[in-house]
Structures are given as C-alpha cells and as structure tokens.
Amino acid sequence: MYPGTKMDEGTNFTRTMWGNVFVPRPEADAVPFSTKNLPQLLDHFSMVPRSKEAKDLKQLIVDCEAPNMVGETKFCPTSLESMIDNVVSLMGTHDVSALTTTINSTKLIAQHNKVVYRTTSPIKSFPDHTKLIICHPSPCAQAVHYCHTNTKYKGYVIPLMGSDGSTVNALTICHHDYMNFNPGFFEVLKMEPGSQPICHFLPENHIVWVRSDQMPTLRTVSSGGSGFQF
C-alpha cells in the first residue's frame, strides 16, 4: 500500500481467463443457471459429465446458490443485462460506473510473470462506506460472473511500475471483516485474525461497480498508520 513497496516476483495482473464472452440475455436465459438444470447446461456447453470443466461448472452453481454469508449479498449474472439490472437494484440508482485494473505494457502476456512491480503514487481511495460490488469471472464457456458486496470492504486504486517499464493501475480491495474467511488464510499470511485488514489486487478482467458520485479520489497513505496485509 505504501509508495516504494516491492511486490513479489510473479505478481500478475493480466486477465485470468480468455474466450468466455457475454451472450445476449435471451440466449443466456434459455437454460436457467441452476443445479436442477445442470444436465441441460452440460449439454448446452458441450461438456462431458465428470470432466474437470463439468465439475467446475457444478461448483460454480453450488457457490451461486449457497445462502449469503453474514453481511454479504451475492448474485451470478449470465448476461451483461442481468449484471447491470442487479447492480442498479443494489445501488438504488442508474448512475453507476464500472472499473477494472488497467495495464499499460507492450510485453507478451507470458512475460508478465517475470516482472517485479513497485508501488508508486498517487494512491486513490474510494470514500469511506462506499458500496462496492465486485464481479469475478468464472471458468465457463460463456461469461458468468460471481458478484458480491459486503458492508466491510474498502477500495483503492494503486499505481505500480514494473521492472520492464510497464505501469498498472490496480484495483485493490481490503477486507475488514474476517468472519467468513477460511482459517488457512491467516496461516499463509502469518497474521492473527483482526490484527489488520487483508487486501488483494484484482486482475484486469474483474469488475468493480460503484455509484458514479463515489469514484476514488486522491489519498495519502502514511507508513505510520495501521498496517495492511496482502
């Protein structure tokens, strides 16, 4: 979070999957995305039952149908129209904006794993208590997103400079509520629950929705403040 901080080699911001695109809403709604329709969905996507792709699809549907965790609201749109409708409903306004991590680089995608990034400035912060809806792409033949919002998120846009000269404006989400976290996270990060926020970057094809009047603004991050753990 602090200017000058060096990221681990291999920190990568490029999109996490390729080829899955939004389809028109009528086509997406032709086979409802639900557990009871799994056989039809497998046939629709030409997936072999018990294949890895079929298991990934089943797990995605299970995750989408699971009850909301405490403080969380989630939805899994299968079309852009459905995503926007859900975002507008949750935000209570049509005046919304979609943000993504952006990369300015001439390098081949395969070369990004060798780049070392450093945080630069200025860092931008979303206003406190801003509602952020985060949509993650899922491994599916068409674009299906896992979208969620929580009352305890804090968002930033962090500029980074790569050792190859590339630049990144990385959307960053910090979690201040660990109630639903897997205990293994704390072991990996070598931290105690509740000691500091847990933050993570978003790759370039993940989307953050926000009210247009709550866009990120300049912020000074002091090294003397409370710590952040990535």
# chains A, B, ... in the order shown; residues from 1 in each chain; ligands from 1
$ residues_around --residues "Ser212 (chain A)" --least-positions-apart "6" --cutoff "8 Å" --atoms "only C-alpha atoms" --output "list in words"
Asp95, Val96 and Ser97 of chain A
$ residues_around --residues "Thr217 (chain A)" --least-positions-apart "5" --cutoff "8 Å" --atoms "only C-alpha atoms" --output "PDB file with N, CA and C atoms, in the first residue's frame"
ATOM      1  N   LYS A 124      -5.269   6.290  -4.967  1.00  0.00           N
ATOM      2  CA  LYS A 124      -6.631   6.805  -4.865  1.00  0.00           C
ATOM      3  C   LYS A 124      -7.453   5.877  -3.979  1.00  0.00           C
ATOM      4  N   SER A 125      -8.391   6.475  -3.255  1.00  0.00           N
ATOM      5  CA  SER A 125      -9.223   5.721  -2.329  1.00  0.00           C
ATOM      6  C   SER A 125     -10.690   6.006  -2.604  1.00  0.00           C
ATOM      7  N   PHE A 126     -11.519   4.964  -2.525  1.00  0.00           N
ATOM      8  CA  PHE A 126     -12.951   5.192  -2.556  1.00  0.00           C
ATOM      9  C   PHE A 126     -13.372   5.821  -1.231  1.00  0.00           C
ATOM     10  N   PRO A 127     -14.366   6.700  -1.234  1.00  0.00           N
ATOM     11  CA  PRO A 127     -14.827   7.296   0.026  1.00  0.00           C
ATOM     12  C   PRO A 127     -15.224   6.217   1.033  1.00  0.00           C
TER      13      PRO A 127
END
$ select_by_dssp --residues "region 28-164 of chain A" --states "alpha helix (DSSP H)" --output "ChimeraX atom specification"
/A:28-29,38-44,52-65,80-91
$ select_by_dssp --residues "region 46-183 of chain A" --states "strand (DSSP E or B)" --output "ChimeraX atom specification"
/A:72-75,96-99,102-104,117-119,123-125,133-137,145-150,153-162,167-175
$ write_last_selection --atoms "N, CA and C atoms" --output "CSV table (one decimal), in the first residue's frame"
chain,number,residue,atom,x,y,z
A,72,GLU,N,-23.2,-10.1,3.6
A,72,GLU,CA,-22.9,-10.2,2.2
A,72,GLU,C,-24.2,-10.4,1.3
A,73,THR,N,-24.1,-9.8,0.1
A,73,THR,CA,-25.2,-10.0,-0.9
A,73,THR,C,-24.5,-10.5,-2.2
A,74,LYS,N,-24.9,-11.5,-2.8
A,74,LYS,CA,-24.3,-12.0,-4.0
A,74,LYS,C,-25.3,-12.4,-5.1
A,75,PHE,N,-24.8,-12.4,-6.3
A,75,PHE,CA,-25.6,-12.9,-7.4
A,75,PHE,C,-24.7,-13.3,-8.5
A,96,VAL,N,-24.3,4.5,-12.3
A,96,VAL,CA,-23.2,3.7,-11.8
A,96,VAL,C,-22.1,3.6,-12.8
A,97,SER,N,-20.9,3.3,-12.3
A,97,SER,CA,-19.7,3.2,-13.1
A,97,SER,C,-19.0,1.8,-12.9
A,98,ALA,N,-18.4,1.3,-13.9
A,98,ALA,CA,-17.7,0.0,-13.8
A,98,ALA,C,-16.2,0.3,-14.0
A,99,LEU,N,-15.4,-0.2,-13.1
A,99,LEU,CA,-13.9,0.0,-13.1
A,99,LEU,C,-13.2,-1.3,-13.1
A,102,THR,N,-6.1,-1.7,-14.9
A,102,THR,CA,-5.6,-1.4,-16.3
A,102,THR,C,-4.1,-1.6,-16.3
A,103,ILE,N,-3.6,-2.1,-17.4
A,103,ILE,CA,-2.2,-2.4,-17.6
A,103,ILE,C,-1.7,-1.7,-18.9
A,104,ASN,N,-0.6,-1.0,-18.8
A,104,ASN,CA,0.0,-0.3,-19.9
A,104,ASN,C,1.3,-1.0,-20.2
A,117,TYR,N,7.1,-5.5,-9.6
A,117,TYR,CA,6.4,-4.2,-9.5
A,117,TYR,C,6.7,-3.5,-8.2
A,118,ARG,N,6.7,-2.2,-8.3
A,118,ARG,CA,6.8,-1.4,-7.1
A,118,ARG,C,5.6,-0.4,-7.0
A,119,THR,N,5.1,-0.2,-5.8
A,119,THR,CA,4.0,0.8,-5.7
A,119,THR,C,4.6,2.2,-5.9
A,123,ILE,N,-1.9,7.3,-4.7
A,123,ILE,CA,-2.9,6.2,-4.5
A,123,ILE,C,-4.3,6.9,-4.4
A,124,LYS,N,-5.3,6.3,-5.0
A,124,LYS,CA,-6.6,6.8,-4.9
A,124,LYS,C,-7.5,5.9,-4.0
A,125,SER,N,-8.4,6.5,-3.3
A,125,SER,CA,-9.2,5.7,-2.3
A,125,SER,C,-10.7,6.0,-2.6
A,133,ILE,N,-19.5,-3.3,-5.5
A,133,ILE,CA,-20.0,-4.6,-6.0
A,133,ILE,C,-18.9,-5.2,-6.9
A,134,ILE,N,-18.3,-6.3,-6.5
A,134,ILE,CA,-17.2,-6.9,-7.1
A,134,ILE,C,-17.6,-8.1,-7.9
A,135,CYS,N,-17.3,-8.1,-9.2
A,135,CYS,CA,-17.7,-9.2,-10.1
A,135,CYS,C,-16.5,-10.0,-10.6
A,136,HIS,N,-16.4,-11.3,-10.3
A,136,HIS,CA,-15.3,-12.1,-10.7
A,136,HIS,C,-15.7,-13.0,-11.8
A,137,PRO,N,-14.9,-13.1,-12.9
A,137,PRO,CA,-15.3,-14.0,-14.0
A,137,PRO,C,-15.1,-15.5,-13.5
A,145,HIS,N,-20.5,-14.4,-14.1
A,145,HIS,CA,-19.7,-13.7,-13.1
A,145,HIS,C,-20.2,-14.1,-11.7
A,146,TYR,N,-19.3,-14.1,-10.7
A,146,TYR,CA,-19.7,-14.3,-9.3
A,146,TYR,C,-19.6,-12.9,-8.7
A,147,CYS,N,-20.7,-12.2,-8.4
A,147,CYS,CA,-20.7,-10.9,-7.9
A,147,CYS,C,-21.1,-10.8,-6.5
A,148,HIS,N,-20.5,-10.0,-5.7
A,148,HIS,CA,-20.8,-9.9,-4.3
A,148,HIS,C,-20.5,-8.5,-3.7
A,149,THR,N,-21.1,-8.2,-2.7
A,149,THR,CA,-20.9,-6.9,-2.0
A,149,THR,C,-20.9,-7.2,-0.5
A,150,ASN,N,-20.2,-6.4,0.3
A,150,ASN,CA,-20.1,-6.5,1.7
A,150,ASN,C,-20.0,-5.2,2.4
A,153,TYR,N,-16.0,-3.7,3.1
A,153,TYR,CA,-15.0,-3.6,2.1
A,153,TYR,C,-14.5,-2.1,2.1
A,154,LYS,N,-13.2,-2.0,1.7
A,154,LYS,CA,-12.6,-0.7,1.5
A,154,LYS,C,-11.8,-0.8,0.2
A,155,GLY,N,-12.0,0.1,-0.8
A,155,GLY,CA,-11.4,0.0,-2.1
A,155,GLY,C,-10.4,1.1,-2.4
A,156,TYR,N,-9.3,0.7,-3.1
A,156,TYR,CA,-8.3,1.6,-3.6
A,156,TYR,C,-7.9,1.4,-5.0
A,157,VAL,N,-7.3,2.4,-5.6
A,157,VAL,CA,-6.7,2.2,-6.9
A,157,VAL,C,-5.2,2.5,-6.7
A,158,ILE,N,-4.3,1.5,-6.9
A,158,ILE,CA,-2.9,1.6,-6.5
A,158,ILE,C,-2.1,1.6,-7.8
A,159,PRO,N,-1.3,2.7,-8.1
A,159,PRO,CA,-0.4,2.7,-9.3
A,159,PRO,C,0.9,1.9,-9.0
A,160,LEU,N,1.3,1.1,-10.0
A,160,LEU,CA,2.6,0.4,-9.8
A,160,LEU,C,3.4,0.5,-11.1
A,161,MET,N,4.7,0.4,-10.9
A,161,MET,CA,5.7,0.5,-12.0
A,161,MET,C,6.4,-0.9,-12.1
A,162,GLY,N,6.4,-1.4,-13.3
A,162,GLY,CA,7.1,-2.7,-13.4
A,162,GLY,C,8.5,-2.6,-13.8
A,167,THR,N,3.3,-0.1,-16.6
A,167,THR,CA,2.6,0.5,-15.5
A,167,THR,C,1.2,-0.1,-15.3
A,168,VAL,N,0.7,-0.1,-14.1
A,168,VAL,CA,-0.5,-0.8,-13.7
A,168,VAL,C,-1.3,0.2,-12.8
A,169,ASN,N,-2.6,0.3,-13.0
A,169,ASN,CA,-3.5,0.9,-12.0
A,169,ASN,C,-4.3,-0.2,-11.5
A,170,ALA,N,-4.0,-0.7,-10.3
A,170,ALA,CA,-4.5,-1.9,-9.8
A,170,ALA,C,-5.7,-1.6,-8.8
A,171,LEU,N,-6.9,-2.1,-9.1
A,171,LEU,CA,-8.0,-2.1,-8.2
A,171,LEU,C,-7.6,-3.0,-7.0
A,172,THR,N,-7.8,-2.5,-5.8
A,172,THR,CA,-7.4,-3.2,-4.6
A,172,THR,C,-8.6,-3.2,-3.6
A,173,ILE,N,-8.9,-4.4,-3.1
A,173,ILE,CA,-10.0,-4.5,-2.1
A,173,ILE,C,-9.4,-4.9,-0.8
A,174,CYS,N,-9.8,-4.2,0.3
A,174,CYS,CA,-9.3,-4.6,1.6
A,174,CYS,C,-10.5,-5.1,2.4
A,175,HIS,N,-10.4,-6.2,3.1
A,175,HIS,CA,-11.4,-6.8,3.9
A,175,HIS,C,-11.2,-6.5,5.4
$ atom_distance --atom1 "CA of Thr11 (chain A)" --atom2 "CA of Ser138 (chain A)"
20.3 Å
$ atom_distance --atom1 "CA of Ser46 (chain A)" --atom2 "CA of Gln142 (chain A)"
11.8 Å
$ atom_distance --atom1 "CA of Thr78 (chain A)" --atom2 "CA of Lys152 (chain A)"
26.1 Å
$ closest_residue --among "A:Val70, A:Met215, A:Ala28, A:Met191" --to "Lys131 (chain A)" --atoms "only C-alpha atoms"
A:Met215
$ closest_residue --among "A:Leu90, A:Phe201, A:Arg211, A:Thr35" --to "Asp63 (chain A)" --atoms "only C-alpha atoms"
A:Thr35
$ closest_residue --among "A:Arg25, A:Lys114, A:Lys55, A:Lys36" --to "Met7 (chain A)" --atoms "only C-alpha atoms"
A:Lys114
$ closest_residue --among "A:His94, A:Cys199, A:Ser163, A:Ala66" --to "Asp177 (chain A)" --atoms "only C-alpha atoms"
A:Cys199
$ closest_residue --among "A:Cys140, A:Lys6, A:Ile207, A:Asp164" --to "Leu41 (chain A)" --atoms "only C-alpha atoms"
A:Cys140
$ closest_residue --among "A:Thr120, A:Ser105, A:Thr93, A:Asn37" --to "Met1 (chain A)" --atoms "only C-alpha atoms"
A:Thr120
$ decode --residues "region 47-59 of chain A" --atoms "N, CA, C and O atoms" --output "mmCIF file, in the first residue's frame"
data_model
loop_
_atom_site.group_PDB
_atom_site.id
_atom_site.type_symbol
_atom_site.label_atom_id
_atom_site.label_comp_id
_atom_site.auth_asym_id
_atom_site.auth_seq_id
_atom_site.Cartn_x
_atom_site.Cartn_y
_atom_site.Cartn_z
ATOM 1 N N MET A 47 -20.205 -30.080 -22.613
ATOM 2 C CA MET A 47 -19.255 -30.567 -21.609
ATOM 3 C C MET A 47 -19.499 -32.037 -21.319
ATOM 4 O O MET A 47 -20.646 -32.497 -21.279
ATOM 5 N N VAL A 48 -18.410 -32.762 -21.143
ATOM 6 C CA VAL A 48 -18.504 -34.182 -20.806
ATOM 7 C C VAL A 48 -18.754 -34.316 -19.311
ATOM 8 O O VAL A 48 -17.995 -33.760 -18.505
ATOM 9 N N PRO A 49 -19.832 -35.007 -18.892
ATOM 10 C CA PRO A 49 -20.069 -35.206 -17.461
ATOM 11 C C PRO A 49 -18.845 -35.818 -16.771
ATOM 12 O O PRO A 49 -18.148 -36.640 -17.355
ATOM 13 N N ARG A 50 -18.560 -35.370 -15.567
ATOM 14 C CA ARG A 50 -17.428 -35.818 -14.742
ATOM 15 C C ARG A 50 -16.085 -35.279 -15.230
ATOM 16 O O ARG A 50 -15.043 -35.619 -14.663
ATOM 17 N N SER A 51 -16.095 -34.475 -16.280
ATOM 18 C CA SER A 51 -14.854 -33.824 -16.708
ATOM 19 C C SER A 51 -14.538 -32.692 -15.741
ATOM 20 O O SER A 51 -15.385 -32.270 -14.942
ATOM 21 N N LYS A 52 -13.313 -32.170 -15.803
ATOM 22 C CA LYS A 52 -12.932 -31.062 -14.938
ATOM 23 C C LYS A 52 -13.825 -29.852 -15.199
ATOM 24 O O LYS A 52 -14.256 -29.165 -14.265
ATOM 25 N N GLU A 53 -14.120 -29.588 -16.463
ATOM 26 C CA GLU A 53 -14.959 -28.445 -16.801
ATOM 27 C C GLU A 53 -16.350 -28.602 -16.197
ATOM 28 O O GLU A 53 -16.935 -27.647 -15.684
ATOM 29 N N ALA A 54 -16.886 -29.842 -16.252
ATOM 30 C CA ALA A 54 -18.212 -30.096 -15.689
ATOM 31 C C ALA A 54 -18.205 -29.922 -14.168
ATOM 32 O O ALA A 54 -19.140 -29.364 -13.588
ATOM 33 N N LYS A 55 -17.134 -30.389 -13.526
ATOM 34 C CA LYS A 55 -17.028 -30.240 -12.062
ATOM 35 C C LYS A 55 -16.901 -28.768 -11.675
ATOM 36 O O LYS A 55 -17.485 -28.330 -10.678
ATOM 37 N N ASP A 56 -16.152 -27.999 -12.466
ATOM 38 C CA ASP A 56 -16.006 -26.568 -12.194
ATOM 39 C C ASP A 56 -17.356 -25.864 -12.334
ATOM 40 O O ASP A 56 -17.698 -24.984 -11.528
ATOM 41 N N LEU A 57 -18.120 -26.246 -13.355
ATOM 42 C CA LEU A 57 -19.428 -25.638 -13.566
ATOM 43 C C LEU A 57 -20.364 -25.977 -12.405
ATOM 44 O O LEU A 57 -21.075 -25.092 -11.888
ATOM 45 N N LYS A 58 -20.361 -27.221 -11.980
ATOM 46 C CA LYS A 58 -21.216 -27.629 -10.864
ATOM 47 C C LYS A 58 -20.853 -26.860 -9.600
ATOM 48 O O LYS A 58 -21.737 -26.378 -8.875
ATOM 49 N N GLN A 59 -19.541 -26.708 -9.331
ATOM 50 C CA GLN A 59 -19.116 -25.991 -8.129
ATOM 51 C C GLN A 59 -19.523 -24.525 -8.193
ATOM 52 O O GLN A 59 -19.931 -23.931 -7.187
#
